Structure formats: structure tokens, C-alpha cells
>>> print(open('upload_23.cif').read())   # mmCIF, C-alpha atoms
data_data
#
loop_
_atom_site.label_atom_id
_atom_site.label_comp_id
_atom_site.auth_asym_id
_atom_site.auth_seq_id
_atom_site.Cartn_x
_atom_site.Cartn_y
_atom_site.Cartn_z
CA MET A 28 -28.12 39.33 32.54
CA GLU A 29 -27.86 35.62 31.71
CA GLU A 30 -25.09 36.36 29.18
CA PHE A 31 -23.18 38.36 31.80
CA ARG A 32 -23.37 35.44 34.25
CA GLU A 33 -22.03 33.04 31.60
CA LYS A 34 -19.05 35.31 30.95
CA GLU A 35 -18.44 35.62 34.68
CA ASN A 36 -18.55 31.84 35.04
CA ASP A 37 -16.09 31.47 32.16
CA ILE A 38 -13.68 33.89 33.82
CA GLN A 39 -13.95 32.04 37.14
CA ARG A 40 -13.39 28.66 35.47
CA ASP A 41 -10.38 30.02 33.60
CA SER A 42 -8.95 31.34 36.82
CA LEU A 43 -9.46 28.04 38.64
CA GLU A 44 -7.84 26.10 35.79
CA GLY A 45 -4.87 28.44 35.58
CA ILE A 46 -5.86 30.13 32.30
CA LYS A 47 -4.55 33.68 32.10
CA ALA A 48 -7.15 36.45 32.18
CA GLU A 49 -5.53 38.16 29.17
CA ALA A 50 -5.87 34.98 27.09
CA ARG A 51 -9.17 36.23 25.64
CA TYR A 52 -7.28 39.09 23.95
CA VAL A 53 -4.31 37.12 22.58
CA THR A 54 -4.43 36.02 18.93
CA LEU A 55 -2.83 32.99 17.33
CA ASN A 56 -0.47 35.37 15.51
CA ASP A 57 0.65 36.80 18.86
CA VAL A 58 1.60 33.34 20.09
CA PHE A 59 3.35 32.57 16.81
CA THR A 60 5.48 35.70 17.16
CA LEU A 61 6.61 34.51 20.60
CA TRP A 62 7.18 30.96 19.32
CA ALA A 63 9.37 32.28 16.50
CA LYS A 64 11.46 34.28 18.98
CA VAL A 65 12.17 31.44 21.39
CA LYS A 66 12.27 28.40 19.08
CA ARG A 67 15.66 26.67 19.03
CA GLY A 68 17.11 23.39 17.81
CA LEU A 69 16.08 23.63 14.15
CA LYS A 70 18.24 23.90 11.06
CA ASP A 71 17.96 27.42 9.65
CA ASN A 72 16.36 26.28 6.40
CA THR A 73 13.78 24.19 8.32
CA PHE A 74 12.97 27.14 10.58
CA GLN A 75 12.65 29.52 7.62
CA ASN A 76 10.34 27.04 5.91
CA TYR A 77 8.13 26.97 9.02
CA LEU A 78 7.99 30.77 9.03
CA TYR A 79 7.05 30.82 5.35
CA LEU A 80 4.28 28.22 5.75
CA TYR A 81 2.72 30.01 8.70
CA ARG A 82 2.87 33.46 7.10
CA GLN A 83 1.59 32.17 3.79
CA PHE A 84 -1.33 30.03 4.97
CA VAL A 85 -2.15 30.80 8.62
CA GLU A 86 -1.32 34.43 9.39
CA PRO A 87 -3.65 36.28 6.94
CA ASP A 88 -6.96 34.86 8.24
CA PHE A 89 -6.92 32.00 10.74
CA GLY A 90 -4.00 33.57 12.59
CA LYS A 91 -6.21 36.49 13.64
CA SER A 92 -8.38 34.16 15.74
CA LYS A 93 -8.41 34.64 19.51
CA VAL A 94 -6.46 31.73 20.98
CA SER A 95 -8.76 31.18 23.96
CA ALA A 96 -11.77 30.75 21.65
CA LEU A 97 -10.18 28.15 19.38
CA LYS A 98 -11.94 24.79 19.26
CA LYS A 99 -11.07 21.55 17.50
CA SER A 100 -13.88 22.22 15.02
CA ASP A 101 -12.21 25.53 14.08
CA VAL A 102 -8.94 23.79 13.25
CA LYS A 103 -10.85 21.12 11.28
CA GLN A 104 -12.62 23.81 9.29
CA PHE A 105 -9.31 25.58 8.63
CA TYR A 106 -7.68 22.39 7.30
CA ASN A 107 -10.78 21.65 5.19
CA THR A 108 -10.50 25.13 3.69
CA LEU A 109 -6.85 24.54 2.81
CA ALA A 110 -7.78 21.26 1.12
CA ASP A 111 -11.09 22.15 -0.55
CA GLU A 112 -10.84 25.85 -1.39
CA ARG A 113 -7.11 26.39 -1.71
CA GLY A 114 -6.44 22.97 -3.21
CA LEU A 115 -3.35 22.23 -1.11
CA GLN A 116 -1.76 18.78 -1.25
CA ILE A 117 -1.93 16.76 1.96
CA SER A 118 1.87 16.99 2.25
CA THR A 119 1.62 20.81 2.41
CA ILE A 120 -1.23 20.71 4.93
CA ASP A 121 0.86 18.26 6.94
CA SER A 122 3.72 20.80 7.01
CA VAL A 123 1.33 23.61 8.03
CA HIS A 124 0.03 21.35 10.82
CA THR A 125 3.57 20.71 12.06
CA VAL A 126 4.20 24.38 12.80
CA LEU A 127 0.64 25.19 13.91
CA HIS A 128 0.65 22.32 16.40
CA GLN A 129 3.90 23.60 17.93
CA VAL A 130 2.49 27.12 18.25
CA LEU A 131 -0.66 25.81 19.94
CA ASP A 132 1.45 23.64 22.25
CA MET A 133 3.17 26.82 23.39
CA ALA A 134 -0.25 28.42 23.98
CA VAL A 135 -1.10 25.49 26.29
CA ASP A 136 2.26 25.69 28.07
CA ASP A 137 1.80 29.43 28.62
CA CYS A 138 -1.72 28.94 30.01
CA TYR A 139 -3.65 30.53 27.16
CA LEU A 140 -5.39 27.21 26.39
CA ARG A 141 -6.45 24.13 28.36
CA SER A 142 -5.53 21.69 25.60
CA ASN A 143 -4.22 21.74 22.03
CA PRO A 144 -7.23 21.88 19.65
CA SER A 145 -5.13 20.58 16.75
CA ASP A 146 -4.44 17.21 18.42
CA ASN A 147 -5.38 14.35 16.03
CA VAL A 148 -7.16 16.74 13.64
CA LEU A 149 -4.85 15.99 10.71
CA ARG A 150 -5.38 12.24 11.12
CA GLU A 151 -9.14 12.76 10.99
CA LEU A 152 -8.80 15.01 7.94
CA LYS A 153 -6.87 12.33 6.06
CA LYS A 154 -9.57 9.79 6.82
CA ALA A 155 -12.43 12.12 5.90
CA HIS A 156 -10.82 13.09 2.60
CA ARG A 157 -9.45 9.59 2.01
CA PHE A 158 -6.02 11.10 1.66
CA GLU A 159 -3.18 8.66 1.33
CA THR A 160 0.45 9.48 1.92
CA ASN A 161 2.07 9.72 -1.48
CA ARG A 162 4.68 7.01 -1.72
CA ARG A 163 7.91 7.93 -3.38
CA LYS A 164 7.93 5.90 -6.55
CA ALA A 165 11.17 4.53 -7.92
CA LEU A 166 11.76 4.49 -11.64
CA THR A 167 11.95 1.02 -13.07
CA VAL A 168 15.20 -0.10 -14.68
CA ALA A 169 13.54 0.37 -18.08
CA GLU A 170 12.38 3.89 -17.17
CA GLN A 171 15.76 5.04 -15.86
CA ASN A 172 17.42 3.65 -19.01
CA LEU A 173 14.91 5.55 -21.16
CA LEU A 174 15.75 8.74 -19.27
CA LEU A 175 19.53 8.37 -19.53
CA SER A 176 19.37 7.30 -23.18
CA TYR A 177 17.20 10.30 -24.06
CA LEU A 178 19.57 12.70 -22.27
CA SER A 179 22.62 11.26 -24.02
CA LYS A 180 21.02 11.55 -27.47
CA THR A 181 19.34 14.95 -27.10
CA PRO A 182 21.76 17.91 -27.48
CA LYS A 183 19.31 20.28 -25.76
CA PHE A 184 19.44 18.25 -22.53
CA GLN A 185 22.84 16.53 -22.71
CA HIS A 186 24.38 18.81 -20.09
CA TRP A 187 22.05 17.27 -17.47
CA LEU A 188 23.32 13.72 -18.06
CA PRO A 189 26.31 13.77 -15.63
CA MET A 190 24.23 15.18 -12.78
CA PHE A 191 21.33 12.75 -13.19
CA THR A 192 23.74 9.84 -13.57
CA PHE A 193 25.42 10.96 -10.33
CA MET A 194 22.10 11.01 -8.45
CA LEU A 195 21.04 7.63 -9.82
CA GLY A 196 24.45 6.21 -8.91
CA THR A 197 24.82 7.59 -5.39
CA GLY A 198 21.31 8.18 -3.98
CA CYS A 199 22.37 11.65 -2.82
CA ARG A 200 19.69 14.13 -1.85
CA ILE A 201 19.40 17.11 -4.20
CA SER A 202 20.77 19.46 -1.50
CA GLU A 203 23.81 17.15 -1.13
CA THR A 204 24.26 16.95 -4.91
CA VAL A 205 24.22 20.69 -5.58
CA GLY A 206 26.42 21.25 -2.50
CA LEU A 207 29.05 18.73 -3.62
CA CYS A 208 32.57 20.16 -4.07
CA TRP A 209 35.46 18.65 -5.99
CA GLY A 210 37.31 18.44 -2.68
CA ASP A 211 34.65 16.01 -1.43
CA ILE A 212 35.63 13.50 -4.13
CA ASP A 213 38.65 11.25 -3.67
CA PHE A 214 39.14 9.51 -7.00
CA GLU A 215 42.20 7.70 -5.68
CA SER A 216 40.49 6.03 -2.73
CA GLY A 217 37.23 5.73 -4.66
CA PHE A 218 34.97 7.49 -2.16
CA ILE A 219 32.72 10.57 -2.08
CA THR A 220 32.34 12.28 1.29
CA ILE A 221 28.92 13.78 2.01
CA GLN A 222 29.34 16.42 4.69
CA HIS A 223 27.21 19.44 3.79
CA ASN A 224 24.00 20.54 2.07
CA LEU A 225 23.38 23.54 -0.12
CA VAL A 226 19.91 25.01 0.34
CA TYR A 227 18.16 27.96 -1.29
CA HIS A 228 15.33 29.49 0.71
CA ASP A 229 13.68 32.67 1.92
CA HIS A 230 15.42 34.24 4.92
CA GLU A 231 13.81 36.60 7.37
CA VAL A 232 16.46 39.17 6.48
CA GLY A 233 17.84 39.50 2.96
CA GLY A 234 15.25 37.49 1.05
CA CYS A 235 16.11 34.34 -0.93
CA TYR A 236 19.70 33.14 -1.14
CA PHE A 237 21.93 30.07 -0.79
CA THR A 238 23.30 28.86 2.52
CA MET A 239 25.46 25.86 3.43
CA SER A 240 24.43 23.58 6.27
CA THR A 241 25.53 20.29 7.75
CA PRO A 242 23.28 17.23 7.37
CA LYS A 243 20.29 17.20 9.73
CA THR A 244 21.58 14.11 11.52
CA ALA A 245 24.92 12.42 12.14
CA ALA A 246 23.79 9.66 9.78
CA GLY A 247 23.74 12.19 6.95
CA LYS A 248 27.56 12.49 7.09
CA ARG A 249 28.81 9.48 5.17
CA ALA A 250 31.19 8.11 2.55
CA ILE A 251 29.80 6.65 -0.67
CA PRO A 252 31.87 4.39 -2.96
CA ILE A 253 32.31 5.71 -6.50
CA LEU A 254 30.77 3.40 -9.09
CA PRO A 255 32.49 3.31 -12.51
CA GLU A 256 29.44 4.98 -14.11
CA VAL A 257 29.55 7.76 -11.52
CA ARG A 258 33.30 8.27 -12.01
CA LYS A 259 32.70 8.57 -15.76
CA ALA A 260 29.88 11.08 -15.18
CA LEU A 261 32.04 13.25 -12.90
CA GLU A 262 34.92 13.18 -15.39
CA GLN A 263 32.50 14.15 -18.15
CA GLU A 264 31.18 17.05 -16.07
CA ARG A 265 34.72 18.33 -15.53
CA THR A 266 35.50 17.99 -19.25
CA ASN A 267 32.29 19.84 -20.19
CA GLN A 268 33.19 22.73 -17.88
CA GLN A 269 36.72 22.93 -19.24
CA GLU A 270 35.43 23.06 -22.82
CA LEU A 271 33.01 25.83 -21.87
CA GLU A 272 35.74 27.60 -19.81
CA LEU A 273 33.32 27.47 -16.91
CA VAL A 274 34.91 28.23 -13.55
CA CYS A 275 33.19 28.35 -10.18
CA GLU A 276 34.01 31.68 -8.57
CA TYR A 277 30.96 31.57 -6.34
CA GLU A 278 31.58 31.23 -2.60
CA ILE A 279 28.89 30.33 -0.09
CA ASP A 280 29.69 30.45 3.61
CA GLY A 281 33.39 30.06 2.83
CA ILE A 282 32.87 27.06 0.53
CA SER A 283 33.47 27.08 -3.23
CA ASP A 284 34.61 24.79 -6.06
CA PHE A 285 31.15 23.27 -6.55
CA VAL A 286 30.88 20.32 -8.93
CA PHE A 287 27.58 20.97 -10.68
CA LEU A 288 27.31 24.47 -12.12
CA ASN A 289 24.83 26.38 -14.22
CA ARG A 290 25.91 28.36 -17.28
CA PHE A 291 26.84 31.33 -15.08
CA GLY A 292 29.33 29.31 -13.03
CA GLN A 293 27.01 29.18 -10.02
CA PRO A 294 25.84 26.05 -8.17
CA GLN A 295 22.58 24.60 -9.38
CA ASN A 296 19.35 25.58 -7.63
CA PRO A 297 17.28 22.51 -6.55
CA GLN A 298 14.10 24.13 -7.86
CA THR A 299 15.76 24.68 -11.22
CA VAL A 300 16.73 21.00 -11.39
CA ASN A 301 13.17 19.86 -10.67
CA ARG A 302 11.83 22.23 -13.32
CA ALA A 303 14.37 20.80 -15.76
CA ILE A 304 13.16 17.28 -14.96
CA LYS A 305 9.62 18.32 -15.82
CA ARG A 306 10.71 19.86 -19.13
CA ILE A 307 12.74 16.76 -20.00
CA SER A 308 9.85 14.40 -19.17
CA VAL A 309 7.37 16.39 -21.22
CA ALA A 310 9.73 16.65 -24.19
CA TYR A 311 10.53 12.94 -24.10
CA ASN A 312 6.89 11.85 -23.75
CA GLU A 313 5.72 14.11 -26.57
CA ALA A 314 8.42 12.73 -28.89
CA GLU A 315 7.72 9.13 -27.80
CA LEU A 316 3.96 9.46 -28.36
CA GLU A 317 4.54 10.75 -31.87
CA LYS A 318 7.10 8.02 -32.62
CA ALA A 319 4.90 5.25 -31.21
CA GLU A 320 1.95 6.38 -33.29
CA LYS A 321 4.03 6.24 -36.48
CA GLU A 322 5.38 2.81 -35.56
CA LYS A 323 1.91 1.58 -34.50
CA ARG A 324 2.98 0.41 -31.00
CA GLU A 325 2.35 1.25 -27.37
CA PRO A 326 4.45 4.22 -26.19
CA GLN A 327 7.05 3.78 -23.43
CA LEU A 328 6.46 6.88 -21.35
CA LEU A 329 8.25 8.39 -18.38
CA PRO A 330 6.11 8.84 -15.23
CA PRO A 331 6.10 12.13 -13.31
CA PHE A 332 9.18 12.22 -11.07
CA SER A 333 11.42 14.57 -9.12
CA CYS A 334 14.94 14.68 -7.72
CA HIS A 335 13.80 12.71 -4.71
CA ASN A 336 12.45 9.97 -6.97
CA LEU A 337 15.98 9.58 -8.33
CA ARG A 338 17.26 9.06 -4.78
CA HIS A 339 14.47 6.55 -4.16
CA THR A 340 15.34 4.81 -7.42
CA PHE A 341 18.95 4.32 -6.34
CA CYS A 342 17.82 3.01 -2.95
CA THR A 343 15.48 0.54 -4.63
CA ARG A 344 18.24 -0.76 -6.92
CA LEU A 345 20.53 -1.05 -3.88
CA CYS A 346 17.89 -3.00 -1.96
CA GLU A 347 17.43 -5.32 -4.92
CA ASN A 348 21.12 -6.19 -4.86
CA GLU A 349 22.17 -5.88 -1.20
CA THR A 350 20.77 -7.82 1.77
CA ASN A 351 22.70 -6.08 4.58
CA LEU A 352 20.29 -3.40 5.85
CA LYS A 353 23.00 -1.60 7.84
CA ILE A 354 25.04 -1.07 4.66
CA ILE A 355 21.98 0.30 2.86
CA GLN A 356 21.15 2.57 5.81
CA ASP A 357 24.72 3.90 5.93
CA ILE A 358 24.93 4.58 2.17
CA MET A 359 21.54 6.32 2.15
CA GLY A 360 22.20 8.32 5.31
CA HIS A 361 18.94 7.21 6.94
CA LYS A 362 18.75 8.15 10.60
CA ASP A 363 16.05 5.56 11.29
CA ILE A 364 16.51 1.95 10.16
CA SER A 365 12.71 1.70 9.72
CA THR A 366 12.98 3.99 6.70
CA THR A 367 15.51 1.62 5.16
CA MET A 368 13.42 -1.43 6.04
CA GLU A 369 10.29 0.05 4.45
CA ILE A 370 12.04 0.63 1.11
CA TYR A 371 13.77 -2.75 1.35
CA ALA A 372 10.46 -4.54 1.97
CA GLU A 373 8.82 -2.75 -0.95
CA ALA A 374 11.72 -3.50 -3.33
CA THR A 375 12.07 -7.16 -2.36
CA LYS A 376 8.29 -7.68 -2.55
CA GLU A 377 8.31 -6.57 -6.19
CA ALA A 378 11.42 -8.67 -6.87
CA LYS A 379 9.74 -11.76 -5.38
CA ALA A 380 6.61 -11.20 -7.45
CA HIS A 381 8.73 -10.90 -10.59
CA SER A 382 10.70 -14.02 -9.65
CA PHE A 383 7.53 -16.07 -9.14
CA ALA A 384 6.09 -14.81 -12.41
CA ASN A 385 9.16 -16.28 -14.11
CA LEU A 386 8.61 -19.57 -12.26
CA ASN A 387 5.15 -20.01 -13.76
CA GLY A 388 5.02 -23.38 -15.48
CA LYS A 389 8.65 -24.23 -14.65
CA LEU A 390 8.27 -26.15 -11.37
CA GLY A 391 6.79 -29.26 -12.97
CA ILE A 392 3.91 -29.40 -10.53
CA SER A 393 1.04 -28.98 -13.00
CA VAL A 394 -1.36 -31.91 -13.22
#
>>> encode(input="upload_23.cif", output="C-alpha cells")
Amino acid sequence: MEEFREKENDIQRDSLEGIKAEARYVTLNDVFTLWAKVKRGLKDNTFQNYLYLYRQFVEPDFGKSKVSALKKSDVKQFYNTLADERGLQISTIDSVHTVLHQVLDMAVDDCYLRSNPSDNVLRELKKAHRFETNRRKALTVAEQNLLLSYLSKTPKFQHWLPMFTFMLGTGCRISETVGLCWGDIDFESGFITIQHNLVYHDHEVGGCYFTMSTPKTAAGKRAIPILPEVRKALEQERTNQQELELVCEYEIDGISDFVFLNRFGQPQNPQTVNRAIKRISVAYNEAELEKAEKEKREPQLLPPFSCHNLRHTFCTRLCENETNLKIIQDIMGHKDISTTMEIYAEATKEAKAHSFANLNGKLGISV
């Protein structure tokens, strides 16, 4: 009898607070289905990534939960499970949270919930697990020279040299690099126009395939001056393709003539490039360890890095040599100047430390 009264009180409270009576029967997956139908304003690849994350990590178990019964502790437990049992990186959990929070916001807007139980949960998770946001690390000048030198001297990996030189010399995102067409390059004026991205992702219909998209923001559309090293790399890429009789006959959304091709004459897949980076790093480090041991010296190893680290490396070199933040922001295609300022502050801090290390004992102030 007491239990019946509690349920009756719950129903009355829900009614008074505007919570729909049917809320107790609606699952999180039901709300997600509605969210996916009405969501607008996202790039297709971003939207498809949200769908993938939800279906991969939320839908099978947590998604079956009744929305009206969800508490903050349930969301905390779910995130802890992703971190502790499934071993997900905080960046992945962060992405899962982004879509889950939006779905739960819709549940609040549609009167299935009083408040969003995922509010501030991710922040608490990071503190509890002592997670820190992984900073994008730039390669040092020595490290990037080791990489380029190894590529130029290793026949197995030489074909990657023009592309990696291009990324280190322009700061282009990997989607911009693989989507670059010869028509985007004006050798006469000395500028490269960045105006589209090539992305490879899972679509709701048709599975995984390439699509072209415009940059996420207006800042992403930009012109980048061609450095002599970049010009040389592009000319080398064209020569390599001519020698191999490699022709791009692949068209994506009406666009063809891509600059960087695989051995089948198709544009490079970003995932393939990152896997190549890993193979190159491992091969170099193994050879360097063996060589250093024979020569009885400390090895000069390459750190783990990805395509985005190459972009960050270019930005760091640019910050070390350019003081006008607006120029750096424009070249990098940063929407928010704070992103530029953060990298600039980090780069100049290291440069100042290095400068003062060189000053040690040279100021004539020792007693």
C-alpha cells in the first residue's frame, strides 16, 4: 500500500511539474532516435560520427534505460564503466558525452526529464580519474629533421616525403591535405587555396565512403603562401606520379584531380596516413636503437605523433618566427583567436626558456 502511494505521489508531482505521463515508458534510445531525426546544423561527417559514437557505446546497454529514471549517479557510473572497463581515452568519452548531453537536453525540452543528469558529470569524472586533456605536442626542429631525413633516405617510405613535407610546410589539416586538388595550387601567384575537406566515414546509408565538404567555419577557407620547400615537394609528387604513370580518375562529389594519391590512383585515406606514420616511427626507432647501441651513444628517437601533430608542429614554428597573431590565425584557419594565442604562448614560453639558458653566464652579473 505504501509503495502504491509513493508511485501515486510521483505521478502527481510529475504532472504538476509538466513531466509527461508516458515518460516512464520512454527509453534513452527512443529519445536518441527523435534527436537524430530532427538534428540540423551539423556537417554530415560530424553528424555521422555522433551516430557512430552513440550506437557503439550508448545504445547496446545504457541506451535501454528509462529516461525518467535516469539520475546523475547513473551517468557517472556509465562514464566510469567506459573509462575503467572499456578502457576508453578521455577524448573518446568526451565525444560520447557531447552527443549524450544533447540527447538528454532534448529529453528535458520535451518534458521527459526535469533536468539534464549529465550536467557537469564529465568535469567530475576528469577530476576523479585525474584525467588531463592531452596537449597536442609539436615535434622539435631536431625531431622533424630526423623524420624528413629518414624518409628521404629510406626507399620503402620515400613516397611519403612530399606529403609530410607539405603538411609540415603549410599546417593543413589531414582532411584538407588529402582533399587538395592541383587546381587549388597557383604556382604563379605562389598561393594554395584551402576550400574543401575530404573525409572518409561511415554513412547511415551505403556504409563507409569518401565525401567532400567545405571547412566547418569561414575561417577554414584561406590562402596559404607556398614556401620553396613546399613547392619542391609538390613538384616531386607530380614527377613521382608521372614516372609511375599514376593518374587520378577518381571523382568525389564532382571533384577530381587530387594531389596526393595512393598506388591505385585514389586520394589518400586519413586513417591510412596515420597508420603509415606509426609504421615509419616504429621502423625508424628500431633502426636508431640498434645503431646507437653499436655506436655506444644515446639514441635520438621519434615520439609518438599523428597527422595533427604535424599541423601543430607547423603552427609552433610559425609562432616562433611570427609575432602577428592575426596572420597566424589566418594561415592556420583558426575560428577562435584563443586557440592561436594558446599555441603562441606555449611556443614563445619554450623559446624564452631556451634563450635564457643561452644567456647563462653571459650577462656579466656574477659576483
>>> atom_distance(input="upload_23.cif", atom1="CA of Lys91 (chain A)", atom2="CA of Asn147 (chain A)")
22.3 Å
>>> residues_around(input="upload_23.cif", residues="Asn301 (chain A)", least_positions_apart="6", cutoff="12 Å", atoms="all atoms listed in the file", output="list of chain:residue names")
A:Trp187, A:Phe191, A:Ile201, A:Ser202, A:Gln295, A:Ile307, A:Ser308, A:Pro331, A:Phe332, A:Ser333, A:Cys334, A:His335, A:Asn336, A:Leu337
>>> atom_distance(input="upload_23.cif", atom1="CA of Lys183 (chain A)", atom2="CA of Ala310 (chain A)")
10.4 Å
>>> closest_residue(input="upload_23.cif", among="A:Thr204, A:Ser100, A:Asn385, A:Ser145", to="Phe285 (chain A)", atoms="only C-alpha atoms")
A:Thr204
>>> resolve_selection(input="upload_23.cif", expression="the PyMOL selection byres ((chain A and resi 359-373) around 9)", output="JSON, numbers by chain")
{"A": [197, 198, 199, 200, 244, 245, 246, 247, 248, 249, 251, 338, 339, 342, 343, 345, 346, 347, 350, 352, 353, 354, 355, 356, 357, 358, 374, 375, 376, 377, 378]}
>>> atom_distance(input="upload_23.cif", atom1="CA of Ala260 (chain A)", atom2="CA of Ser179 (chain A)")
11.4 Å
>>> closest_residue(input="upload_23.cif", among="A:Asp101, A:Val300, A:Gln327, A:Asn348", to="Glu313 (chain A)", atoms="only C-alpha atoms")
A:Gln327
>>> resolve_selection(input="upload_23.cif", expression="the PyMOL selection byres ((chain A and resi 223) around 6)", output="PDB file with C-alpha atoms, in the frame of the given file")
ATOM      1  CA  GLN A 222      29.340  16.420   4.690  1.00  0.00           C
ATOM      2  CA  ASN A 224      24.000  20.540   2.070  1.00  0.00           C
ATOM      3  CA  SER A 240      24.430  23.580   6.270  1.00  0.00           C
ATOM      4  CA  THR A 241      25.530  20.290   7.750  1.00  0.00           C
ATOM      5  CA  PRO A 242      23.280  17.230   7.370  1.00  0.00           C
TER       6      PRO A 242
END
>>> closest_residue(input="upload_23.cif", among="A:Leu80, A:Val126, A:Ala314, A:Leu225", to="Val58 (chain A)", atoms="all atoms listed in the file")
A:Val126
>>> residues_around(input="upload_23.cif", residues="Val123 (chain A)", least_positions_apart="3", cutoff="9 Å", atoms="only C-alpha atoms", output="list in words")
Tyr77, Leu80, Tyr81, Phe84, Val85, Ser118, Thr119, Ile120, Val126, Leu127 and His128 of chain A
>>> closest_residue(input="upload_23.cif", among="A:Ile392, A:Met190, A:Ala303, A:Leu254", to="Asn267 (chain A)", atoms="all atoms listed in the file")
A:Met190
>>> residues_around(input="upload_23.cif", residues="Leu131 (chain A)", least_positions_apart="4", cutoff="10 Å", atoms="all atoms listed in the file", output="PDB file with C-alpha atoms, keeping the file's coordinate frame")
ATOM      1  CA  LEU A  55      -2.830  32.990  17.330  1.00  0.00           C
ATOM      2  CA  VAL A  58       1.600  33.340  20.090  1.00  0.00           C
ATOM      3  CA  PHE A  59       3.350  32.570  16.810  1.00  0.00           C
ATOM      4  CA  TRP A  62       7.180  30.960  19.320  1.00  0.00           C
ATOM      5  CA  VAL A  94      -6.460  31.730  20.980  1.00  0.00           C
ATOM      6  CA  LEU A  97     -10.180  28.150  19.380  1.00  0.00           C
ATOM      7  CA  VAL A 126       4.200  24.380  12.800  1.00  0.00           C
ATOM      8  CA  LEU A 127       0.640  25.190  13.910  1.00  0.00           C
ATOM      9  CA  VAL A 135      -1.100  25.490  26.290  1.00  0.00           C
ATOM     10  CA  ASP A 136       2.260  25.690  28.070  1.00  0.00           C
ATOM     11  CA  ASP A 137       1.800  29.430  28.620  1.00  0.00           C
ATOM     12  CA  TYR A 139      -3.650  30.530  27.160  1.00  0.00           C
ATOM     13  CA  LEU A 140      -5.390  27.210  26.390  1.00  0.00           C
ATOM     14  CA  SER A 142      -5.530  21.690  25.600  1.00  0.00           C
ATOM     15  CA  ASN A 143      -4.220  21.740  22.030  1.00  0.00           C
ATOM     16  CA  PRO A 144      -7.230  21.880  19.650  1.00  0.00           C
ATOM     17  CA  SER A 145      -5.130  20.580  16.750  1.00  0.00           C
ATOM     18  CA  ASP A 146      -4.440  17.210  18.420  1.00  0.00           C
TER      19      ASP A 146
END
>>> closest_residue(input="upload_23.cif", among="A:Val102, A:Met239, A:Val53, A:Ala165", to="Pro330 (chain A)", atoms="all atoms listed in the file")
A:Ala165
